[in-house]
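Have a look at run.cif below; it lists mmCIF, C-alpha atoms.
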data_my_file
#
loop_
_atom_site.group_PDB
_atom_site.id
_atom_site.type_symbol
_atom_site.label_atom_id
_atom_site.label_comp_id
_atom_site.auth_asym_id
_atom_site.auth_seq_id
_atom_site.Cartn_x
_atom_site.Cartn_y
_atom_site.Cartn_z
ATOM 1 C CA MET A 1187 21.366 21.843 -6.896
ATOM 2 C CA LYS A 1188 17.641 21.101 -6.749
ATOM 3 C CA LYS A 1189 16.385 21.232 -3.182
ATOM 4 C CA VAL A 1190 14.051 18.456 -2.016
ATOM 5 C CA PHE A 1191 12.462 18.865 1.405
ATOM 6 C CA PHE A 1192 11.402 15.771 3.354
ATOM 7 C CA LEU A 1193 8.382 16.868 5.411
ATOM 8 C CA ASP A 1194 7.818 13.347 6.772
ATOM 9 C CA THR A 1195 10.163 10.536 7.734
ATOM 10 C CA VAL A 1196 10.615 7.946 4.978
ATOM 11 C CA HIS A 1197 13.201 5.257 4.305
ATOM 12 C CA PRO A 1198 16.600 6.915 3.671
ATOM 13 C CA ILE A 1199 17.096 5.068 0.375
ATOM 14 C CA LEU A 1200 15.129 7.859 -1.325
ATOM 15 C CA SER A 1201 17.379 10.674 -0.147
ATOM 16 C CA GLU A 1202 20.462 8.510 -0.728
ATOM 17 C CA ARG A 1203 19.570 7.817 -4.348
ATOM 18 C CA LEU A 1204 18.573 11.419 -5.083
ATOM 19 C CA THR A 1205 21.808 12.685 -3.549
ATOM 20 C CA GLN A 1206 23.906 10.111 -5.429
ATOM 21 C CA SER A 1207 22.475 11.363 -8.714
ATOM 22 C CA GLY A 1208 24.348 14.620 -8.171
ATOM 23 C CA GLU A 1209 21.289 16.700 -9.017
ATOM 24 C CA TYR A 1210 19.598 17.079 -5.638
ATOM 25 C CA GLU A 1211 20.174 18.466 -2.182
ATOM 26 C CA CYS A 1212 17.947 16.604 0.287
ATOM 27 C CA ILE A 1213 16.847 18.502 3.384
ATOM 28 C CA GLU A 1214 15.274 16.801 6.408
ATOM 29 C CA ALA A 1215 12.279 18.875 7.517
ATOM 30 C CA HIS A 1216 10.119 16.220 9.155
ATOM 31 C CA ASP A 1217 10.092 18.097 12.472
ATOM 32 C CA TRP A 1218 9.336 21.512 10.982
ATOM 33 C CA THR A 1219 6.146 23.315 11.927
ATOM 34 C CA ARG A 1220 3.802 24.602 9.263
ATOM 35 C CA GLU A 1221 5.094 28.118 9.941
ATOM 36 C CA GLN A 1222 8.668 26.971 9.342
ATOM 37 C CA CYS A 1223 7.628 25.317 6.096
ATOM 38 C CA GLU A 1224 5.887 28.467 4.905
ATOM 39 C CA SER A 1225 9.027 30.523 5.482
ATOM 40 C CA GLN A 1226 11.604 28.003 4.214
ATOM 41 C CA LEU A 1227 10.103 26.297 1.136
ATOM 42 C CA GLY A 1228 10.368 29.180 -1.294
ATOM 43 C CA ASP A 1229 13.158 27.505 -3.277
ATOM 44 C CA ALA A 1230 11.859 23.939 -2.944
ATOM 45 C CA HIS A 1231 12.124 21.957 -6.174
ATOM 46 C CA GLY A 1232 10.483 18.904 -4.593
ATOM 47 C CA ILE A 1233 8.588 17.879 -1.472
ATOM 48 C CA VAL A 1234 8.372 14.396 0.028
ATOM 49 C CA ILE A 1235 5.399 13.706 2.291
ATOM 50 C CA ARG A 1236 3.301 11.044 3.926
ATOM 51 C CA SER A 1237 0.281 12.593 5.685
ATOM 52 C CA ARG A 1238 1.434 15.328 8.065
ATOM 53 C CA PHE A 1239 0.313 18.301 5.972
ATOM 54 C CA THR A 1240 -2.435 18.769 3.384
ATOM 55 C CA MET A 1241 -0.956 19.863 0.081
ATOM 56 C CA ASP A 1242 -3.520 22.465 -0.963
ATOM 57 C CA GLU A 1243 -3.317 26.036 -2.226
ATOM 58 C CA SER A 1244 -3.045 27.487 1.297
ATOM 59 C CA PHE A 1245 0.159 25.501 1.818
ATOM 60 C CA LEU A 1246 1.576 25.365 -1.693
ATOM 61 C CA LYS A 1247 1.304 29.106 -2.325
ATOM 62 C CA PHE A 1248 4.544 29.359 -0.347
ATOM 63 C CA THR A 1249 6.346 27.086 -2.854
ATOM 64 C CA PRO A 1250 6.615 29.111 -6.082
ATOM 65 C CA ALA A 1251 9.479 27.001 -7.480
ATOM 66 C CA LEU A 1252 7.947 23.619 -6.716
ATOM 67 C CA GLN A 1253 8.174 21.023 -9.488
ATOM 68 C CA PHE A 1254 7.067 17.807 -7.768
ATOM 69 C CA ILE A 1255 5.423 16.269 -4.708
ATOM 70 C CA ALA A 1256 6.268 12.661 -3.858
ATOM 71 C CA ARG A 1257 3.953 10.827 -1.461
ATOM 72 C CA SER A 1258 5.324 7.773 0.312
ATOM 73 C CA GLY A 1259 2.157 5.698 -0.006
ATOM 74 C CA ALA A 1260 -0.692 4.999 -2.380
ATOM 75 C CA GLY A 1261 -3.529 7.391 -1.518
ATOM 76 C CA MET A 1262 -3.463 10.982 -2.734
ATOM 77 C CA GLU A 1263 -6.400 12.365 -0.745
ATOM 78 C CA ASN A 1264 -4.208 14.841 1.140
ATOM 79 C CA ILE A 1265 -3.096 16.478 -2.125
ATOM 80 C CA ASP A 1266 -5.205 18.926 -4.131
ATOM 81 C CA GLU A 1267 -4.538 17.292 -7.487
ATOM 82 C CA ALA A 1268 -6.491 19.863 -9.501
ATOM 83 C CA TYR A 1269 -4.522 22.763 -8.025
ATOM 84 C CA CYS A 1270 -1.229 20.950 -8.597
ATOM 85 C CA ALA A 1271 -2.201 20.320 -12.212
ATOM 86 C CA SER A 1272 -2.936 24.034 -12.668
ATOM 87 C CA ARG A 1273 0.576 24.794 -11.404
ATOM 88 C CA GLY A 1274 2.228 22.030 -13.442
ATOM 89 C CA ILE A 1275 3.420 20.274 -10.288
ATOM 90 C CA GLN A 1276 4.246 16.625 -10.984
ATOM 91 C CA LEU A 1277 2.764 14.155 -8.483
ATOM 92 C CA TYR A 1278 4.297 10.811 -7.565
ATOM 93 C CA ASN A 1279 2.959 8.069 -5.346
ATOM 94 C CA ALA A 1280 4.060 4.491 -4.761
ATOM 95 C CA PRO A 1281 1.210 1.959 -4.667
ATOM 96 C CA GLU A 1282 3.606 -0.616 -6.096
ATOM 97 C CA GLY A 1283 5.692 -0.317 -2.950
ATOM 98 C CA ASN A 1284 3.164 -1.586 -0.418
ATOM 99 C CA ARG A 1285 0.707 -3.655 -2.466
ATOM 100 C CA ASN A 1286 2.189 -6.988 -1.387
ATOM 101 C CA ALA A 1287 2.083 -5.923 2.250
ATOM 102 C CA VAL A 1288 -1.583 -4.947 1.911
ATOM 103 C CA GLY A 1289 -2.439 -8.237 0.209
ATOM 104 C CA GLU A 1290 -0.786 -10.280 2.947
ATOM 105 C CA HIS A 1291 -2.337 -8.204 5.725
ATOM 106 C CA ALA A 1292 -5.814 -8.534 4.192
ATOM 107 C CA LEU A 1293 -5.464 -12.306 4.041
ATOM 108 C CA GLY A 1294 -4.171 -12.437 7.608
ATOM 109 C CA MET A 1295 -7.058 -10.333 8.896
ATOM 110 C CA LEU A 1296 -9.626 -12.405 7.009
ATOM 111 C CA LEU A 1297 -8.349 -15.749 8.273
ATOM 112 C CA SER A 1298 -8.061 -14.410 11.817
ATOM 113 C CA LEU A 1299 -11.605 -13.060 11.681
ATOM 114 C CA MET A 1300 -13.191 -16.179 10.196
ATOM 115 C CA ASN A 1301 -11.332 -18.517 12.558
ATOM 116 C CA LYS A 1302 -11.801 -16.233 15.588
ATOM 117 C CA ILE A 1303 -8.088 -16.271 16.272
ATOM 118 C CA HIS A 1304 -8.288 -12.837 17.908
ATOM 119 C CA THR A 1305 -10.871 -13.950 20.482
ATOM 120 C CA ALA A 1306 -9.384 -17.419 20.981
ATOM 121 C CA ASN A 1307 -5.992 -15.908 21.769
ATOM 122 C CA ARG A 1308 -7.530 -13.530 24.297
ATOM 123 C CA ASP A 1309 -9.609 -16.277 25.930
ATOM 124 C CA VAL A 1310 -6.742 -18.720 26.339
ATOM 125 C CA LYS A 1311 -4.501 -16.036 27.835
ATOM 126 C CA ASN A 1312 -7.313 -15.266 30.301
ATOM 127 C CA GLY A 1313 -7.612 -18.912 31.311
ATOM 128 C CA ILE A 1314 -10.749 -19.622 29.250
ATOM 129 C CA TRP A 1315 -10.789 -22.829 27.184
ATOM 130 C CA ASP A 1316 -13.802 -22.120 24.949
ATOM 131 C CA ARG A 1317 -13.620 -24.359 21.893
ATOM 132 C CA GLU A 1318 -17.265 -24.006 20.864
ATOM 133 C CA GLY A 1319 -17.333 -20.237 21.314
ATOM 134 C CA ASN A 1320 -14.293 -19.951 19.073
ATOM 135 C CA ARG A 1321 -15.462 -22.327 16.365
ATOM 136 C CA GLY A 1322 -14.497 -20.805 13.012
ATOM 137 C CA GLU A 1323 -15.539 -20.948 9.373
ATOM 138 C CA GLU A 1324 -13.460 -22.119 6.435
ATOM 139 C CA LEU A 1325 -12.714 -19.831 3.519
ATOM 140 C CA ASP A 1326 -12.810 -22.655 0.963
ATOM 141 C CA GLY A 1327 -16.108 -22.811 -0.888
ATOM 142 C CA LYS A 1328 -16.893 -19.160 -0.262
ATOM 143 C CA THR A 1329 -17.321 -16.282 -2.730
ATOM 144 C CA VAL A 1330 -14.979 -13.353 -2.160
ATOM 145 C CA GLY A 1331 -15.746 -9.954 -3.650
ATOM 146 C CA ILE A 1332 -13.003 -7.372 -4.211
ATOM 147 C CA ILE A 1333 -14.088 -3.760 -4.760
ATOM 148 C CA GLY A 1334 -11.298 -1.900 -6.538
ATOM 149 C CA TYR A 1335 -8.973 -3.916 -8.761
ATOM 150 C CA GLY A 1336 -5.844 -1.786 -8.780
ATOM 151 C CA ASN A 1337 -2.483 -2.560 -7.203
ATOM 152 C CA ASN A 1338 -3.847 -3.582 -3.814
ATOM 153 C CA GLY A 1339 -6.934 -5.389 -5.070
ATOM 154 C CA LYS A 1340 -4.831 -7.455 -7.466
ATOM 155 C CA ALA A 1341 -2.323 -8.219 -4.718
ATOM 156 C CA PHE A 1342 -5.085 -9.545 -2.459
ATOM 157 C CA ALA A 1343 -6.476 -11.629 -5.320
ATOM 158 C CA LYS A 1344 -3.012 -13.127 -5.843
ATOM 159 C CA LYS A 1345 -2.820 -14.150 -2.175
ATOM 160 C CA LEU A 1346 -6.211 -15.868 -2.453
ATOM 161 C CA ARG A 1347 -5.176 -18.170 -5.303
ATOM 162 C CA GLY A 1348 -4.392 -21.030 -2.954
ATOM 163 C CA PHE A 1349 -8.011 -21.282 -1.839
ATOM 164 C CA ASP A 1350 -10.907 -23.079 -3.491
ATOM 165 C CA ILE A 1351 -13.094 -20.010 -3.805
ATOM 166 C CA THR A 1352 -15.042 -17.997 -6.338
ATOM 167 C CA LEU A 1353 -13.438 -14.578 -6.697
ATOM 168 C CA LEU A 1354 -15.461 -11.641 -7.991
ATOM 169 C CA ALA A 1355 -13.962 -8.217 -8.670
ATOM 170 C CA TYR A 1356 -15.616 -4.880 -9.412
ATOM 171 C CA ASP A 1357 -13.857 -1.744 -10.586
ATOM 172 C CA LYS A 1358 -15.783 1.245 -11.871
ATOM 173 C CA TYR A 1359 -12.905 2.356 -14.071
ATOM 174 C CA LYS A 1360 -11.643 -0.953 -15.474
ATOM 175 C CA THR A 1361 -12.990 -3.660 -17.735
ATOM 176 C CA GLY A 1362 -11.609 -6.769 -19.369
ATOM 177 C CA PHE A 1363 -9.527 -7.953 -16.403
ATOM 178 C CA GLY A 1364 -11.306 -11.257 -15.817
ATOM 179 C CA ASP A 1365 -9.251 -14.443 -16.128
ATOM 180 C CA ASP A 1366 -9.311 -18.087 -15.041
ATOM 181 C CA PHE A 1367 -9.396 -17.074 -11.378
ATOM 182 C CA VAL A 1368 -10.978 -13.609 -11.168
ATOM 183 C CA ILE A 1369 -14.483 -13.004 -12.493
ATOM 184 C CA GLU A 1370 -15.239 -9.422 -13.502
ATOM 185 C CA ALA A 1371 -18.592 -8.556 -11.915
ATOM 186 C CA THR A 1372 -21.053 -5.745 -11.592
ATOM 187 C CA LEU A 1373 -21.356 -4.160 -8.169
ATOM 188 C CA GLU A 1374 -24.919 -5.474 -7.886
ATOM 189 C CA ALA A 1375 -23.807 -9.058 -8.564
ATOM 190 C CA LEU A 1376 -20.868 -8.793 -6.191
ATOM 191 C CA LEU A 1377 -23.057 -7.548 -3.334
ATOM 192 C CA ARG A 1378 -25.640 -10.236 -3.958
ATOM 193 C CA LYS A 1379 -23.273 -13.218 -4.210
ATOM 194 C CA SER A 1380 -20.312 -12.515 -1.916
ATOM 195 C CA ASP A 1381 -19.594 -14.095 1.468
ATOM 196 C CA VAL A 1382 -16.596 -11.789 1.924
ATOM 197 C CA ILE A 1383 -16.234 -8.229 0.623
ATOM 198 C CA SER A 1384 -12.918 -6.369 0.691
ATOM 199 C CA PHE A 1385 -12.356 -2.693 -0.153
ATOM 200 C CA HIS A 1386 -9.286 -1.570 -2.114
ATOM 201 C CA ILE A 1387 -10.319 1.851 -3.448
ATOM 202 C CA PRO A 1388 -9.027 5.403 -2.936
ATOM 203 C CA GLN A 1389 -10.899 7.996 -0.924
ATOM 204 C CA ASN A 1390 -12.491 10.737 -3.011
ATOM 205 C CA GLU A 1391 -15.862 12.435 -3.421
ATOM 206 C CA GLU A 1392 -17.280 9.354 -5.139
ATOM 207 C CA THR A 1393 -16.141 6.833 -2.569
ATOM 208 C CA ILE A 1394 -16.700 8.459 0.831
ATOM 209 C CA TYR A 1395 -19.278 6.291 2.630
ATOM 210 C CA PHE A 1396 -19.351 3.832 -0.241
ATOM 211 C CA ALA A 1397 -20.463 1.244 2.313
ATOM 212 C CA ASN A 1398 -23.607 3.065 3.400
ATOM 213 C CA GLN A 1399 -27.115 1.902 4.245
ATOM 214 C CA GLU A 1400 -27.923 1.244 0.593
ATOM 215 C CA PHE A 1401 -24.777 -0.903 0.327
ATOM 216 C CA PHE A 1402 -25.653 -3.075 3.308
ATOM 217 C CA ASP A 1403 -29.310 -3.341 2.249
ATOM 218 C CA ALA A 1404 -28.180 -4.764 -1.105
ATOM 219 C CA LEU A 1405 -26.292 -7.700 0.418
ATOM 220 C CA GLY A 1406 -27.581 -11.073 -0.677
ATOM 221 C CA LYS A 1407 -26.223 -12.953 2.357
ATOM 222 C CA PRO A 1408 -24.367 -12.211 5.613
ATOM 223 C CA ILE A 1409 -20.802 -11.162 4.892
ATOM 224 C CA TYR A 1410 -17.387 -10.674 6.397
ATOM 225 C CA LEU A 1411 -16.241 -7.128 5.577
ATOM 226 C CA LEU A 1412 -12.633 -5.995 5.136
ATOM 227 C CA ASN A 1413 -11.453 -2.421 4.771
ATOM 228 C CA LEU A 1414 -7.765 -1.782 4.122
ATOM 229 C CA SER A 1415 -8.275 1.316 1.978
ATOM 230 C CA ARG A 1416 -9.400 4.465 3.809
ATOM 231 C CA GLY A 1417 -11.543 4.833 6.900
ATOM 232 C CA LYS A 1418 -14.318 6.941 5.421
ATOM 233 C CA ILE A 1419 -15.077 4.344 2.754
ATOM 234 C CA VAL A 1420 -17.232 2.584 5.377
ATOM 235 C CA GLU A 1421 -19.935 4.516 7.220
ATOM 236 C CA THR A 1422 -19.477 3.186 10.733
ATOM 237 C CA LYS A 1423 -23.033 3.672 11.943
ATOM 238 C CA CYS A 1424 -24.325 1.618 8.997
ATOM 239 C CA LEU A 1425 -21.735 -1.105 9.613
ATOM 240 C CA ILE A 1426 -22.780 -1.313 13.254
ATOM 241 C CA GLU A 1427 -26.456 -1.558 12.314
ATOM 242 C CA SER A 1428 -25.599 -4.331 9.845
ATOM 243 C CA ILE A 1429 -23.678 -6.252 12.510
ATOM 244 C CA LEU A 1430 -26.509 -5.907 15.000
ATOM 245 C CA LYS A 1431 -29.003 -7.123 12.384
ATOM 246 C CA GLY A 1432 -26.742 -9.999 11.374
ATOM 247 C CA THR A 1433 -26.305 -8.949 7.740
ATOM 248 C CA THR A 1434 -22.602 -8.496 8.492
ATOM 249 C CA LYS A 1435 -21.070 -11.322 10.508
ATOM 250 C CA ALA A 1436 -17.891 -9.454 11.402
ATOM 251 C CA ALA A 1437 -15.530 -6.807 10.044
ATOM 252 C CA ALA A 1438 -11.746 -6.440 9.839
ATOM 253 C CA LEU A 1439 -10.721 -2.791 9.745
ATOM 254 C CA ASP A 1440 -7.163 -1.630 9.265
ATOM 255 C CA VAL A 1441 -8.589 1.870 8.901
ATOM 256 C CA ASN A 1442 -11.624 3.607 10.384
ATOM 257 C CA GLU A 1443 -13.420 6.876 9.836
ATOM 258 C CA PHE A 1444 -12.396 8.300 13.203
ATOM 259 C CA GLU A 1445 -8.671 8.363 12.478
ATOM 260 C CA LYS A 1446 -6.914 11.692 12.736
ATOM 261 C CA LYS A 1447 -3.717 12.798 11.048
ATOM 262 C CA SER A 1448 -2.088 11.999 14.369
ATOM 263 C CA PHE A 1449 -3.547 8.530 14.751
ATOM 264 C CA GLU A 1450 -2.878 8.437 18.498
ATOM 265 C CA GLN A 1451 -5.619 11.083 18.955
ATOM 266 C CA LEU A 1452 -8.122 8.372 18.052
ATOM 267 C CA PHE A 1453 -8.355 7.342 21.686
ATOM 268 C CA ASP A 1454 -9.148 10.858 22.904
ATOM 269 C CA GLN A 1455 -12.696 10.540 21.530
ATOM 270 C CA THR A 1456 -14.132 9.182 24.795
ATOM 271 C CA ASP A 1457 -17.717 10.220 24.034
ATOM 272 C CA ASN A 1458 -17.867 8.536 20.607
ATOM 273 C CA GLU A 1459 -20.296 5.619 20.976
ATOM 274 C CA GLN A 1460 -19.588 4.273 17.478
ATOM 275 C CA LEU A 1461 -15.865 4.148 18.169
ATOM 276 C CA LYS A 1462 -16.578 2.495 21.516
ATOM 277 C CA PHE A 1463 -18.484 -0.245 19.681
ATOM 278 C CA LEU A 1464 -15.547 -0.841 17.329
ATOM 279 C CA LEU A 1465 -13.126 -1.078 20.246
ATOM 280 C CA GLU A 1466 -15.266 -3.400 22.370
ATOM 281 C CA SER A 1467 -17.017 -5.730 19.918
ATOM 282 C CA ASP A 1468 -15.639 -9.231 19.325
ATOM 283 C CA GLN A 1469 -17.095 -8.959 15.811
ATOM 284 C CA ILE A 1470 -14.632 -6.198 14.945
ATOM 285 C CA LEU A 1471 -10.934 -6.889 14.306
ATOM 286 C CA LEU A 1472 -8.816 -3.728 14.326
ATOM 287 C CA THR A 1473 -5.257 -2.922 13.331
ATOM 288 C CA PRO A 1474 -3.654 0.567 13.462
ATOM 289 C CA HIS A 1475 -3.427 1.409 9.738
ATOM 290 C CA VAL A 1476 -0.445 -0.896 9.216
ATOM 291 C CA GLY A 1477 -1.726 -2.950 6.278
ATOM 292 C CA GLY A 1478 0.918 -1.519 3.975
ATOM 293 C CA TRP A 1479 3.511 -0.790 6.642
ATOM 294 C CA THR A 1480 5.988 -3.655 6.773
ATOM 295 C CA THR A 1481 9.761 -3.577 7.041
ATOM 296 C CA GLU A 1482 9.955 -4.462 3.349
ATOM 297 C CA SER A 1483 7.324 -1.981 2.172
ATOM 298 C CA TYR A 1484 8.988 0.861 4.088
ATOM 299 C CA TYR A 1485 12.033 0.370 1.849
ATOM 300 C CA LYS A 1486 10.087 -0.326 -1.337
ATOM 301 C CA LEU A 1487 7.924 2.802 -1.039
ATOM 302 C CA SER A 1488 11.005 5.014 -1.083
ATOM 303 C CA SER A 1489 12.765 2.966 -3.746
ATOM 304 C CA VAL A 1490 9.754 3.175 -6.072
ATOM 305 C CA LEU A 1491 9.585 6.947 -5.589
ATOM 306 C CA ALA A 1492 13.287 7.246 -6.387
ATOM 307 C CA ASP A 1493 12.746 5.257 -9.602
ATOM 308 C CA LYS A 1494 9.908 7.514 -10.700
ATOM 309 C CA ILE A 1495 11.542 10.820 -9.799
ATOM 310 C CA LEU A 1496 14.856 9.984 -11.416
ATOM 311 C CA GLU A 1497 13.220 8.608 -14.555
ATOM 312 C CA VAL A 1498 11.103 11.712 -15.184
ATOM 313 C CA GLU A 1499 13.467 14.384 -13.896
ATOM 314 C CA GLU A 1500 16.509 13.118 -15.733
#
Would it be possible to restate this file's structure as structure tokens?
Amino acid sequence: MKKVFFLDTVHPILSERLTQSGEYECIEAHDWTREQCESQLGDAHGIVIRSRFTMDESFLKFTPALQFIARSGAGMENIDEAYCASRGIQLYNAPEGNRNAVGEHALGMLLSLMNKIHTANRDVKNGIWDREGNRGEELDGKTVGIIGYGNNGKAFAKKLRGFDITLLAYDKYKTGFGDDFVIEATLEALLRKSDVISFHIPQNEETIYFANQEFFDALGKPIYLLNLSRGKIVETKCLIESILKGTTKAAALDVNEFEKKSFEQLFDQTDNEQLKFLLESDQILLTPHVGGWTTESYYKLSSVLADKILEVEE
């Protein structure tokens, strides 16, 4: 039997389907320490992870028999892909599993931000009836720019089809995807023309601090900014400067650059003035990295991984 170790908690449909195939023994190891993993993974055929450990040489050297790593999610930044390729370790992820959830969450955050639903809700519950202070803007008639036109970018574009907008999309690695609704654009044109800009790109050496000072300086008009990709895509100090200058009207962040692997540690950073701004500003809408984390996506992420593993392995 091929042993597959689950180092993080995922939906049980993955272990159920692997076990039902008759080829795999699934072992729950989501509460194991790193030291336990190092001593127990010598005969691991597969590993299932989310984000608890970084899959690099220092960890994987203890897995001589390893044939695959399956990540329950889209991003692969916690896996050393080059090292895995040198070992012949197959990598699986599941962007198809949470793309709809991300698209819906992005739309919800955008509409809440533009219509000031987050501040209106707070005011009313505090006994404040401020209609003028919570006057919103309509999305219709605006230009929305999507940076990154993969699974999540396309899903967000699909959710926007009910609005009378101009939709621009930029992807460094894709061409020819324009259609009757989405206009393929250069990054320069997107920054110059957009009223809303939404990030849907992975985190890597090319994309860390993609939204930097140069990015904000290139904006052609004040924007609403959305980030549902990875926190370090947006350089917080530059975002704050843009908000204070008025070149960014407001930002919706499902992720932020101060997240830790244990997200709860975020609030331990009491001396971080940039984080304090994010937490206190009415021009910032925050959610706790749940854009792709719905009841449905929790199941679909594991089901997609099962499809991929069983198709290749068998």
Hey, which bits of region 1384-1445 of chain A sit within 8 Å of region 1458-1472 of chain A, and for each residue what's the closest pair of atoms and how far apart in Å (one decimal), counting only C-alpha atoms, rows by chain and increasing number, as a Markdown table?
| residue | atom | partner | partner_atom | distance |
| --- | --- | --- | --- | --- |
| A:Thr1422 | CA | A:Gln1460 | CA | 6.8 |
| A:Lys1423 | CA | A:Gln1460 | CA | 6.5 |
| A:Ile1426 | CA | A:Gln1460 | CA | 7.7 |
| A:Ile1429 | CA | A:Gln1469 | CA | 7.8 |
| A:Lys1435 | CA | A:Gln1469 | CA | 7.0 |
| A:Ala1436 | CA | A:Gln1469 | CA | 4.5 |
| A:Ala1437 | CA | A:Ile1470 | CA | 5.0 |
| A:Ala1438 | CA | A:Leu1471 | CA | 4.6 |
| A:Leu1439 | CA | A:Leu1472 | CA | 5.0 |
| A:Asp1440 | CA | A:Leu1472 | CA | 5.7 |
| A:Val1441 | CA | A:Leu1472 | CA | 7.8 |
| A:Phe1444 | CA | A:Leu1461 | CA | 7.3 |
Legend entry - Residues returned when the PyMOL selection byres ((chain A and resi 1285-1290) around 9) runs on this file, as a PyMOL selection string: chain A and resi 1260+1281-1284+1291-1295+1337-1346+1414+1476-1480+1482-1483
Keeping only C-alpha atoms, write the selected residues to a file as a PDB file, in the coordinates of the input.
ATOM      1  CA  ALA A1260      -0.692   4.999  -2.380  1.00  0.00           C
ATOM      2  CA  PRO A1281       1.210   1.959  -4.667  1.00  0.00           C
ATOM      3  CA  GLU A1282       3.606  -0.616  -6.096  1.00  0.00           C
ATOM      4  CA  GLY A1283       5.692  -0.317  -2.950  1.00  0.00           C
ATOM      5  CA  ASN A1284       3.164  -1.586  -0.418  1.00  0.00           C
ATOM      6  CA  HIS A1291      -2.337  -8.204   5.725  1.00  0.00           C
ATOM      7  CA  ALA A1292      -5.814  -8.534   4.192  1.00  0.00           C
ATOM      8  CA  LEU A1293      -5.464 -12.306   4.041  1.00  0.00           C
ATOM      9  CA  GLY A1294      -4.171 -12.437   7.608  1.00  0.00           C
ATOM     10  CA  MET A1295      -7.058 -10.333   8.896  1.00  0.00           C
ATOM     11  CA  ASN A1337      -2.483  -2.560  -7.203  1.00  0.00           C
ATOM     12  CA  ASN A1338      -3.847  -3.582  -3.814  1.00  0.00           C
ATOM     13  CA  GLY A1339      -6.934  -5.389  -5.070  1.00  0.00           C
ATOM     14  CA  LYS A1340      -4.831  -7.455  -7.466  1.00  0.00           C
ATOM     15  CA  ALA A1341      -2.323  -8.219  -4.718  1.00  0.00           C
ATOM     16  CA  PHE A1342      -5.085  -9.545  -2.459  1.00  0.00           C
ATOM     17  CA  ALA A1343      -6.476 -11.629  -5.320  1.00  0.00           C
ATOM     18  CA  LYS A1344      -3.012 -13.127  -5.843  1.00  0.00           C
ATOM     19  CA  LYS A1345      -2.820 -14.150  -2.175  1.00  0.00           C
ATOM     20  CA  LEU A1346      -6.211 -15.868  -2.453  1.00  0.00           C
ATOM     21  CA  LEU A1414      -7.765  -1.782   4.122  1.00  0.00           C
ATOM     22  CA  VAL A1476      -0.445  -0.896   9.216  1.00  0.00           C
ATOM     23  CA  GLY A1477      -1.726  -2.950   6.278  1.00  0.00           C
ATOM     24  CA  GLY A1478       0.918  -1.519   3.975  1.00  0.00           C
ATOM     25  CA  TRP A1479       3.511  -0.790   6.642  1.00  0.00           C
ATOM     26  CA  THR A1480       5.988  -3.655   6.773  1.00  0.00           C
ATOM     27  CA  GLU A1482       9.955  -4.462   3.349  1.00  0.00           C
ATOM     28  CA  SER A1483       7.324  -1.981   2.172  1.00  0.00           C
TER      29      SER A1483
END
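Residues surrounding Cys1212 (chain A) within 10 Å are A:Met1187, A:Lys1188, A:Lys1189, A:Val1190, A:Phe1191, A:Phe1192, A:Leu1200, A:Ser1201, A:Glu1202, A:Leu1204, A:Thr1205, A:Gly1232, A:Ile1233, A:Val1234 [all atoms listed in the file; sequence separation below 5 positions excluded].
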Legend entry - Expected selection from the PyMOL selection byres ((chain A and resi 1384) around 8), given as a list in words: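 Selection result, ordered by chain and number: Val1330, Gly1331, Ile1332, Ile1333, Val1382, Ile1383, Phe1385, His1386, Leu1411, Leu1412, Asn1413 and Leu1414 of chain A.
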Inset, instruction - Please provide the set of residues having any atom within 12 Å of Glu1391 (chain A), restricted to only C-alpha atoms, with same-chain residues fewer than 3 positions apart removed, written as an NGL selection string. - result: :A and (1263 or 1387-1388 or 1394-1396 or 1418-1419)
Legend entry - Ground truth for the PyMOL selection byres ((chain A and resi 1326) around 8), written as JSON, numbers by chain: {"A": [1324, 1325, 1327, 1328, 1349, 1350, 1351]}
Would you save the residues from that selection as an mmCIF file, in the coordinates of the input, using C-alpha atoms?
data_model
loop_
_atom_site.group_PDB
_atom_site.id
_atom_site.type_symbol
_atom_site.label_atom_id
_atom_site.label_comp_id
_atom_site.auth_asym_id
_atom_site.auth_seq_id
_atom_site.Cartn_x
_atom_site.Cartn_y
_atom_site.Cartn_z
ATOM 1 C CA GLU A 1324 -13.460 -22.119 6.435
ATOM 2 C CA LEU A 1325 -12.714 -19.831 3.519
ATOM 3 C CA GLY A 1327 -16.108 -22.811 -0.888
ATOM 4 C CA LYS A 1328 -16.893 -19.160 -0.262
ATOM 5 C CA PHE A 1349 -8.011 -21.282 -1.839
ATOM 6 C CA ASP A 1350 -10.907 -23.079 -3.491
ATOM 7 C CA ILE A 1351 -13.094 -20.010 -3.805
#
Inset, instruction - Using CA of Leu1353 (chain A) and CA of Met1262 (chain A) as the two end points, give the distance in Å to one decimal. - result: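 Separation between CA of Leu1353 (chain A) and CA of Met1262 (chain A): 27.7 Å.
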Inset, instruction - Determine the nearest neighbour of Arg1236 (chain A) from the options A:Val1368, A:Ala1397, A:Ala1375, A:Ile1265, counting only C-alpha atoms. - result: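 Of A:Val1368, A:Ala1397, A:Ala1375, A:Ile1265, the one nearest Arg1236 (chain A), counting only C-alpha atoms, is A:Ile1265.
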Legend entry - Which of A:Ile1495, A:Leu1297, A:Leu1193, A:Ile1409 sits closest to Cys1223 (chain A) [using all atoms listed in the file]: A:Leu1193
Legend entry - One-decimal distance in Å that lies between CA of Asn1279 (chain A) and CA of Tyr1484 (chain A): 13.3 Å
Legend entry - CA of Glu1267 (chain A) to CA of Glu1243 (chain A), distance in Å rounded to a single decimal: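 Pair CA of Glu1267 (chain A) / CA of Glu1243 (chain A) returns 10.3 Å.
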Inset, instruction - Fewer than 3 positions away in the same chain doesn't count, so skip those; otherwise give me all residues within 12 Å of Gly1364 (chain A), counting only C-alpha atoms, as a count of residues only. - result: 16
